[in-house]
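Novice: Structure supplied as work_3.pdb; contents: PDB, C-alpha atoms, pLDDT in the B column.
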```pdb
ATOM      1  CA  MET A   8     -35.385  -2.044  29.226  1.00 45.00           C
ATOM      2  CA  SER A   9     -32.608   0.285  28.189  1.00 56.00           C
ATOM      3  CA  PHE A  10     -29.596  -0.894  26.265  1.00 62.00           C
ATOM      4  CA  GLN A  11     -26.330   0.628  27.469  1.00 69.00           C
ATOM      5  CA  MET A  12     -23.924   0.829  24.562  1.00 71.00           C
ATOM      6  CA  LYS A  13     -20.237   0.342  25.156  1.00 76.00           C
ATOM      7  CA  ASP A  14     -18.161   3.359  24.073  1.00 87.00           C
ATOM      8  CA  LYS A  15     -21.204   5.485  23.278  1.00 92.00           C
ATOM      9  CA  GLU A  16     -19.103   8.655  23.093  1.00 94.00           C
ATOM     10  CA  ALA A  17     -16.723   7.047  20.599  1.00 95.00           C
ATOM     11  CA  TYR A  18     -19.612   6.049  18.331  1.00 95.00           C
ATOM     12  CA  GLN A  19     -20.989   9.577  18.565  1.00 95.00           C
ATOM     13  CA  ARG A  20     -17.575  10.906  17.513  1.00 96.00           C
ATOM     14  CA  LEU A  21     -17.463   8.521  14.555  1.00 96.00           C
ATOM     15  CA  ASN A  22     -20.968   9.542  13.544  1.00 96.00           C
ATOM     16  CA  TYR A  23     -20.024  13.217  13.757  1.00 97.00           C
ATOM     17  CA  LEU A  24     -16.948  12.732  11.558  1.00 97.00           C
ATOM     18  CA  TYR A  25     -18.965  10.781   8.983  1.00 97.00           C
ATOM     19  CA  GLN A  26     -21.652  13.473   8.851  1.00 97.00           C
ATOM     20  CA  ALA A  27     -19.013  16.204   8.651  1.00 97.00           C
ATOM     21  CA  ALA A  28     -17.418  14.512   5.635  1.00 97.00           C
ATOM     22  CA  HIS A  29     -20.813  14.330   3.903  1.00 96.00           C
ATOM     23  CA  CYS A  30     -21.561  17.948   4.763  1.00 97.00           C
ATOM     24  CA  VAL A  31     -18.214  19.192   3.448  1.00 96.00           C
ATOM     25  CA  LEU A  32     -18.694  17.379   0.131  1.00 95.00           C
ATOM     26  CA  SER A  33     -22.279  18.526  -0.287  1.00 94.00           C
ATOM     27  CA  GLN A  34     -21.343  22.202   0.253  1.00 96.00           C
ATOM     28  CA  ASN A  35     -18.315  22.171  -2.030  1.00 95.00           C
ATOM     29  CA  PRO A  36     -17.402  19.073  -4.086  1.00 93.00           C
ATOM     30  CA  GLU A  37     -13.813  20.328  -4.372  1.00 94.00           C
ATOM     31  CA  ASN A  38     -13.204  19.711  -0.632  1.00 93.00           C
ATOM     32  CA  VAL A  39     -12.320  16.076  -1.233  1.00 95.00           C
ATOM     33  CA  GLU A  40      -9.139  16.302   0.850  1.00 96.00           C
ATOM     34  CA  LEU A  41     -10.958  17.604   3.924  1.00 97.00           C
ATOM     35  CA  ALA A  42     -13.613  14.891   3.629  1.00 96.00           C
ATOM     36  CA  ARG A  43     -10.829  12.322   3.226  1.00 97.00           C
ATOM     37  CA  PHE A  44      -9.162  13.624   6.395  1.00 97.00           C
ATOM     38  CA  TYR A  45     -12.428  13.227   8.331  1.00 97.00           C
ATOM     39  CA  CYS A  46     -12.895   9.693   7.023  1.00 97.00           C
ATOM     40  CA  PHE A  47      -9.278   8.769   7.780  1.00 97.00           C
ATOM     41  CA  THR A  48      -9.692  10.086  11.338  1.00 97.00           C
ATOM     42  CA  GLN A  49     -12.908   8.098  11.682  1.00 97.00           C
ATOM     43  CA  LYS A  50     -11.214   4.921  10.498  1.00 96.00           C
ATOM     44  CA  THR A  51      -8.232   5.487  12.817  1.00 96.00           C
ATOM     45  CA  ILE A  52     -10.447   5.986  15.876  1.00 96.00           C
ATOM     46  CA  ALA A  53     -12.483   2.875  15.065  1.00 95.00           C
ATOM     47  CA  ARG A  54      -9.322   0.809  14.643  1.00 95.00           C
ATOM     48  CA  ARG A  55      -7.673   2.149  17.804  1.00 96.00           C
ATOM     49  CA  LEU A  56     -10.733   1.495  19.993  1.00 95.00           C
ATOM     50  CA  VAL A  57     -11.570  -1.785  18.187  1.00 94.00           C
ATOM     51  CA  LEU A  58     -15.090  -0.696  17.264  1.00 94.00           C
ATOM     52  CA  ARG A  59     -17.220  -2.253  14.562  1.00 91.00           C
ATOM     53  CA  GLN A  60     -18.741   0.101  12.068  1.00 92.00           C
ATOM     54  CA  ASP A  61     -22.046  -0.468  10.344  1.00 91.00           C
ATOM     55  CA  PRO A  62     -21.715  -2.136   6.899  1.00 89.00           C
ATOM     56  CA  SER A  63     -23.543   0.756   5.246  1.00 90.00           C
ATOM     57  CA  VAL A  64     -20.815   3.109   6.488  1.00 94.00           C
ATOM     58  CA  LYS A  65     -18.002   0.804   5.403  1.00 93.00           C
ATOM     59  CA  ARG A  66     -19.472   0.547   1.913  1.00 93.00           C
ATOM     60  CA  THR A  67     -19.253   4.292   1.425  1.00 95.00           C
ATOM     61  CA  LEU A  68     -15.567   4.507   2.345  1.00 96.00           C
ATOM     62  CA  CYS A  69     -12.663   3.643   0.063  1.00 96.00           C
ATOM     63  CA  LYS A  70     -10.375   1.090   1.711  1.00 95.00           C
ATOM     64  CA  LYS A  71      -7.293   2.312  -0.091  1.00 95.00           C
ATOM     65  CA  CYS A  72      -7.413   6.112   0.223  1.00 96.00           C
ATOM     66  CA  CYS A  73     -10.130   6.592   2.900  1.00 95.00           C
ATOM     67  CA  SER A  74     -12.160   8.781   0.586  1.00 95.00           C
ATOM     68  CA  LEU A  75     -15.917   9.119   0.981  1.00 96.00           C
ATOM     69  CA  LEU A  76     -17.557   7.416  -1.999  1.00 96.00           C
ATOM     70  CA  VAL A  77     -20.349   9.673  -3.259  1.00 95.00           C
ATOM     71  CA  PRO A  78     -21.653   8.657  -6.711  1.00 94.00           C
ATOM     72  CA  GLY A  79     -20.937  11.330  -9.302  1.00 93.00           C
ATOM     73  CA  VAL A  80     -18.630  13.332  -7.010  1.00 94.00           C
ATOM     74  CA  THR A  81     -15.863  11.039  -5.768  1.00 95.00           C
ATOM     75  CA  ALA A  82     -16.973   7.706  -7.237  1.00 96.00           C
ATOM     76  CA  SER A  83     -18.521   6.180 -10.316  1.00 96.00           C
ATOM     77  CA  THR A  84     -21.091   3.407 -10.070  1.00 95.00           C
ATOM     78  CA  ARG A  85     -21.930   0.730 -12.613  1.00 95.00           C
ATOM     79  CA  GLN A  86     -24.355  -2.176 -12.611  1.00 92.00           C
ATOM     80  CA  ARG A  87     -22.879  -5.499 -13.708  1.00 89.00           C
ATOM     81  CA  ARG A  88     -24.396  -8.919 -14.221  1.00 86.00           C
ATOM     82  CA  LYS A  89     -22.520 -12.198 -14.021  1.00 80.00           C
ATOM     83  CA  LYS A  90     -23.907 -15.486 -15.317  1.00 76.00           C
ATOM     84  CA  ARG A  91     -27.282 -13.854 -15.995  1.00 75.00           C
ATOM     85  CA  LYS A  92     -28.373 -14.321 -12.398  1.00 78.00           C
ATOM     86  CA  ALA A  93     -26.253 -12.400  -9.955  1.00 83.00           C
ATOM     87  CA  ARG A  94     -26.250  -8.624 -10.216  1.00 87.00           C
ATOM     88  CA  PHE A  95     -23.465  -6.508  -8.805  1.00 91.00           C
ATOM     89  CA  THR A  96     -22.879  -2.833  -8.224  1.00 93.00           C
ATOM     90  CA  VAL A  97     -19.318  -1.787  -8.959  1.00 95.00           C
ATOM     91  CA  VAL A  98     -18.219   1.391  -7.185  1.00 96.00           C
ATOM     92  CA  ARG A  99     -14.941   2.883  -8.394  1.00 97.00           C
ATOM     93  CA  CYS A 100     -13.076   5.571  -6.466  1.00 97.00           C
ATOM     94  CA  LEU A 101     -12.080   8.451  -8.739  1.00 95.00           C
ATOM     95  CA  SER A 102      -9.035   9.338  -6.595  1.00 94.00           C
ATOM     96  CA  CYS A 103      -7.163   6.038  -6.437  1.00 96.00           C
ATOM     97  CA  LYS A 104      -9.119   3.967  -9.026  1.00 96.00           C
ATOM     98  CA  GLN A 105      -9.850   1.257  -6.432  1.00 96.00           C
ATOM     99  CA  SER A 106     -13.049  -0.626  -7.238  1.00 96.00           C
ATOM    100  CA  LYS A 107     -15.480  -2.230  -4.826  1.00 94.00           C
ATOM    101  CA  THR A 108     -17.988  -4.877  -5.938  1.00 93.00           C
ATOM    102  CA  LEU A 109     -21.223  -5.152  -3.961  1.00 90.00           C
ATOM    103  CA  LEU A 110     -23.901  -7.800  -4.376  1.00 87.00           C
ATOM    104  CA  ASN A 111     -27.148  -6.333  -5.665  1.00 85.00           C
ATOM    105  CA  ASP A 112     -29.567  -9.051  -4.536  1.00 79.00           C
ATOM    106  CA  PRO A 113     -32.924  -7.863  -3.167  1.00 80.00           C
ATOM    107  CA  ASP A 114     -33.319 -11.057  -1.099  1.00 82.00           C
ATOM    108  CA  HIS A 115     -29.878 -10.735   0.507  1.00 77.00           C
ATOM    109  CA  ARG A 116     -29.880  -9.533   4.110  1.00 80.00           C
ATOM    110  CA  LEU A 117     -26.874  -8.721   6.227  1.00 78.00           C
ATOM    111  CA  TRP A 118     -26.323 -10.587   9.490  1.00 80.00           C
ATOM    112  CA  VAL A 119     -26.916  -7.364  11.409  1.00 78.00           C
ATOM    113  CA  ASP A 120     -30.394  -7.058   9.884  1.00 82.00           C
ATOM    114  CA  ARG A 121     -31.435 -10.635  10.632  1.00 84.00           C
ATOM    115  CA  PRO A 122     -33.587 -11.441  13.675  1.00 84.00           C
ATOM    116  CA  GLU A 123     -31.025 -13.976  14.964  1.00 83.00           C
ATOM    117  CA  ALA A 124     -28.501 -11.175  15.415  1.00 79.00           C
ATOM    118  CA  GLN A 125     -30.998  -9.158  17.437  1.00 76.00           C
ATOM    119  CA  GLN A 126     -31.663 -12.146  19.697  1.00 68.00           C
ATOM    120  CA  GLN A 127     -27.947 -12.640  20.174  1.00 59.00           C
ATOM    121  CA  GLN A 128     -27.574  -9.017  21.316  1.00 60.00           C
ATOM    122  CA  GLN A 129     -30.476  -9.433  23.738  1.00 64.00           C
ATOM    123  CA  GLN A 130     -28.880 -12.572  25.190  1.00 65.00           C
ATOM    124  CA  GLN A 131     -25.585 -10.742  25.716  1.00 64.00           C
ATOM    125  CA  GLN A 132     -27.288  -7.990  27.743  1.00 61.00           C
ATOM    126  CA  PRO A 133     -28.281 -10.262  30.687  1.00 63.00           C
ATOM    127  CA  LYS A 134     -24.760 -11.720  30.723  1.00 61.00           C
ATOM    128  CA  GLN A 135     -23.315  -8.216  31.035  1.00 59.00           C
ATOM    129  CA  GLN A 136     -25.728  -7.448  33.855  1.00 60.00           C
ATOM    130  CA  GLN A 137     -24.682 -10.652  35.638  1.00 61.00           C
ATOM    131  CA  LYS A 138     -21.036  -9.635  35.365  1.00 58.00           C
ATOM    132  CA  GLN A 139     -21.888  -6.360  37.062  1.00 58.00           C
ATOM    133  CA  GLN A 140     -23.612  -8.271  39.874  1.00 59.00           C
ATOM    134  CA  ASP A 141     -20.735 -10.732  40.416  1.00 56.00           C
ATOM    135  CA  PRO A 142     -19.419  -9.020  43.587  1.00 54.00           C
ATOM    136  CA  SER A 143     -22.797  -9.552  45.263  1.00 50.00           C
ATOM    137  CA  VAL A 144     -22.779 -13.206  44.197  1.00 49.00           C
ATOM    138  CA  LYS A 145     -19.427 -13.691  45.970  1.00 49.00           C
ATOM    139  CA  LYS A 146     -20.938 -12.359  49.189  1.00 48.00           C
ATOM    140  CA  GLN A 147     -23.684 -15.000  49.261  1.00 49.00           C
ATOM    141  CA  PRO A 148     -21.570 -17.868  50.699  1.00 50.00           C
ATOM    142  CA  LYS A 149     -20.603 -15.643  53.635  1.00 51.00           C
ATOM    143  CA  ASP A 150     -24.298 -15.028  54.330  1.00 48.00           C
ATOM    144  CA  LYS A 151     -24.952 -18.794  54.264  1.00 48.00           C
ATOM    145  CA  LYS A 152     -22.290 -19.300  56.944  1.00 47.00           C
ATOM    146  CA  ARG A 153     -24.072 -16.779  59.125  1.00 49.00           C
ATOM    147  CA  ASP A 154     -27.380 -18.578  58.540  1.00 50.00           C
ATOM    148  CA  ARG A 155     -25.810 -21.901  59.564  1.00 50.00           C
ATOM    149  CA  ALA A 156     -24.382 -20.371  62.707  1.00 48.00           C
ATOM    150  CA  ALA A 157     -27.768 -18.859  63.505  1.00 49.00           C
ATOM    151  CA  SER A 158     -29.577 -22.170  62.962  1.00 49.00           C
ATOM    152  CA  SER A 159     -27.158 -24.019  65.291  1.00 50.00           C
ATOM    153  CA  ASN A 160     -27.691 -21.430  68.029  1.00 51.00           C
ATOM    154  CA  PRO A 161     -31.460 -20.862  68.520  1.00 50.00           C
ATOM    155  CA  ASP A 162     -30.942 -17.802  70.724  1.00 51.00           C
ATOM    156  CA  ALA A 163     -28.841 -16.130  67.998  1.00 47.00           C
ATOM    157  CA  ALA A 164     -31.516 -16.956  65.406  1.00 48.00           C
ATOM    158  CA  GLN A 165     -34.157 -15.200  67.435  1.00 49.00           C
ATOM    159  CA  SER A 166     -31.995 -12.138  67.994  1.00 47.00           C
ATOM    160  CA  SER A 167     -31.031 -11.861  64.338  1.00 47.00           C
ATOM    161  CA  ALA A 168     -34.596 -12.307  63.051  1.00 49.00           C
ATOM    162  CA  PRO A 169     -36.323  -9.078  62.040  1.00 52.00           C
ATOM    163  CA  THR A 170     -39.187  -7.932  64.247  1.00 46.00           C
TER     164      THR A 170
END
```
Just dump the structure as structure tokens.
Specialist:
Amino acid sequence: MSFQMKDKEAYQRLNYLYQAAHCVLSQNPENVELARFYCFTQKTIARRLVLRQDPSVKRTLCKKCCSLLVPGVTASTRQRRKKRKARFTVVRCLSCKQSKTLLNDPDHRLWVDRPEAQQQQQQQQPKQQQKQQDPSVKKQPKDKKRDRAASSNPDAAQSSAPT
């Protein structure tokens, strides 16, 4: 059973831009502007085509300046604790000083990672296949009319029956 992804080429383009931004920063940490351009282009394409990006990708992008958040290069990270129970990771962009607070709970799982989400995707696949088969479903009533005509005329039924 193969899963056909909608806009596969667009997701490949987004993946390429994300990897290019990482590659540029790893080769020369001073190329922040080029990496920011790649990330901005990635965000623009995703918005224009109305595509959802993976949460792990969204967490590594600054919402304000579209910079790639790499700890120690373009971002600083701190661990915070509130009310002695909940732990948070605070990521601060060094370009625009925007901070992002992420829950640091080992038991927390994203909806995408839960089994219910996987079942929901599997249920949507047969629906998409049914939509593709809709033209053949519309032809079925016409075939039934032919069958009725054949059953009312026994000679026609014998001639239309396969040998």
Novice: Take the PyMOL selection byres ((chain A and resi 60) around 10), apply it to the structure above, and return the hits as a list in words.
Specialist: Tyr18, Leu21, Asn22, Gln49, Lys50, Ala53, Arg54, Val57, Leu58, Arg59, Asp61, Pro62, Ser63, Val64 and Lys65 of chain A
Novice: Suppose we keep C-alpha atoms; can you now write the selection as a CSV table (one decimal), in the frame of the given file?
Specialist:
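New file part-v2.csv:
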```
chain,number,residue,atom,x,y,z
A,18,TYR,CA,-19.6,6.0,18.3
A,21,LEU,CA,-17.5,8.5,14.6
A,22,ASN,CA,-21.0,9.5,13.5
A,49,GLN,CA,-12.9,8.1,11.7
A,50,LYS,CA,-11.2,4.9,10.5
A,53,ALA,CA,-12.5,2.9,15.1
A,54,ARG,CA,-9.3,0.8,14.6
A,57,VAL,CA,-11.6,-1.8,18.2
A,58,LEU,CA,-15.1,-0.7,17.3
A,59,ARG,CA,-17.2,-2.3,14.6
A,61,ASP,CA,-22.0,-0.5,10.3
A,62,PRO,CA,-21.7,-2.1,6.9
A,63,SER,CA,-23.5,0.8,5.2
A,64,VAL,CA,-20.8,3.1,6.5
A,65,LYS,CA,-18.0,0.8,5.4
```
Novice: Hey, can you check how far atom CA of Thr51 of chain A sits from atom CA of Arg121 of chain A?
Specialist: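 Straight-line distance from atom CA of Thr51 of chain A to atom CA of Arg121 of chain A works out to 28.3 Å.
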Novice: Evaluate the PyMOL selection byres ((chain A and resi 42-46) around 8) and record the selected residues as a list in words, following the chain and residue labels used in the document.
Specialist: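 So the PyMOL selection byres ((chain A and resi 42-46) around 8), applied here, picks out Leu24, Tyr25, Ala27, Ala28, His29, Val31, Leu32, Asn38, Val39, Glu40, Leu41, Phe47, Thr48, Gln49, Lys50, Leu68, Cys72, Cys73, Ser74 and Leu75 of chain A.
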Novice: Generate a file of the selected residues that holds C-alpha atoms, formatted as a tab-separated table (two decimals), in the frame of the given file.
Specialist:
```tsv
chain	number	residue	atom	x	y	z
A	24	LEU	CA	-16.95	12.73	11.56
A	25	TYR	CA	-18.96	10.78	8.98
A	27	ALA	CA	-19.01	16.20	8.65
A	28	ALA	CA	-17.42	14.51	5.64
A	29	HIS	CA	-20.81	14.33	3.90
A	31	VAL	CA	-18.21	19.19	3.45
A	32	LEU	CA	-18.69	17.38	0.13
A	38	ASN	CA	-13.20	19.71	-0.63
A	39	VAL	CA	-12.32	16.08	-1.23
A	40	GLU	CA	-9.14	16.30	0.85
A	41	LEU	CA	-10.96	17.60	3.92
A	47	PHE	CA	-9.28	8.77	7.78
A	48	THR	CA	-9.69	10.09	11.34
A	49	GLN	CA	-12.91	8.10	11.68
A	50	LYS	CA	-11.21	4.92	10.50
A	68	LEU	CA	-15.57	4.51	2.35
A	72	CYS	CA	-7.41	6.11	0.22
A	73	CYS	CA	-10.13	6.59	2.90
A	74	SER	CA	-12.16	8.78	0.59
A	75	LEU	CA	-15.92	9.12	0.98
```
Novice: Skipping near chain neighbours, those fewer than 6 positions away, what residues fall within 9 Å of Lys107 of chain A using all atoms listed in the file, listed as a PyMOL selection string?
Specialist: chain A and resi 66+69-70+96-100
Novice: Going by the chain IDs and residue numbers used in this file, which residues fall under the PyMOL selection byres ((chain A and resi 87) around 10)? Write them as a list in words.
Specialist: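 Output from the PyMOL selection byres ((chain A and resi 87) around 10), applied to this file: Thr84, Arg85, Gln86, Arg88, Lys89, Arg91, Ala93, Arg94, Phe95, Thr96, Val97, Thr108, Leu109, Leu110 and Asn111 of chain A.
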Novice: Write the residues of the selection above to a file with C-alpha atoms, as a short mmCIF file (atom, residue, chain, number, x, y, z; two decimals), in the coordinates of the input.
Specialist:
```
data_model
loop_
_atom_site.label_atom_id
_atom_site.label_comp_id
_atom_site.auth_asym_id
_atom_site.auth_seq_id
_atom_site.Cartn_x
_atom_site.Cartn_y
_atom_site.Cartn_z
CA THR A 84 -21.09 3.41 -10.07
CA ARG A 85 -21.93 0.73 -12.61
CA GLN A 86 -24.36 -2.18 -12.61
CA ARG A 88 -24.40 -8.92 -14.22
CA LYS A 89 -22.52 -12.20 -14.02
CA ARG A 91 -27.28 -13.85 -16.00
CA ALA A 93 -26.25 -12.40 -9.96
CA ARG A 94 -26.25 -8.62 -10.22
CA PHE A 95 -23.46 -6.51 -8.80
CA THR A 96 -22.88 -2.83 -8.22
CA VAL A 97 -19.32 -1.79 -8.96
CA THR A 108 -17.99 -4.88 -5.94
CA LEU A 109 -21.22 -5.15 -3.96
CA LEU A 110 -23.90 -7.80 -4.38
CA ASN A 111 -27.15 -6.33 -5.66
#
```
Novice: Work out how far apart atom CA of Ala82 of chain A and atom CA of Ser33 of chain A are and give it in Å to one decimal.
Specialist: 13.9 Å
Novice: Would you compute the distance between atom CA of Glu37 of chain A and atom CA of Thr67 of chain A? Give it in Å to one decimal.
Specialist: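 Value for the atom CA of Glu37 of chain A-atom CA of Thr67 of chain A distance: 17.9 Å.
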Novice: May I ask which of the residues A:Leu101, A:Cys30, A:Leu117, A:Ala17 is the closest one to Leu76 of chain A, counting only C-alpha atoms?
Specialist: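 Distance minimum relative to Leu76 of chain A lands on A:Leu101.
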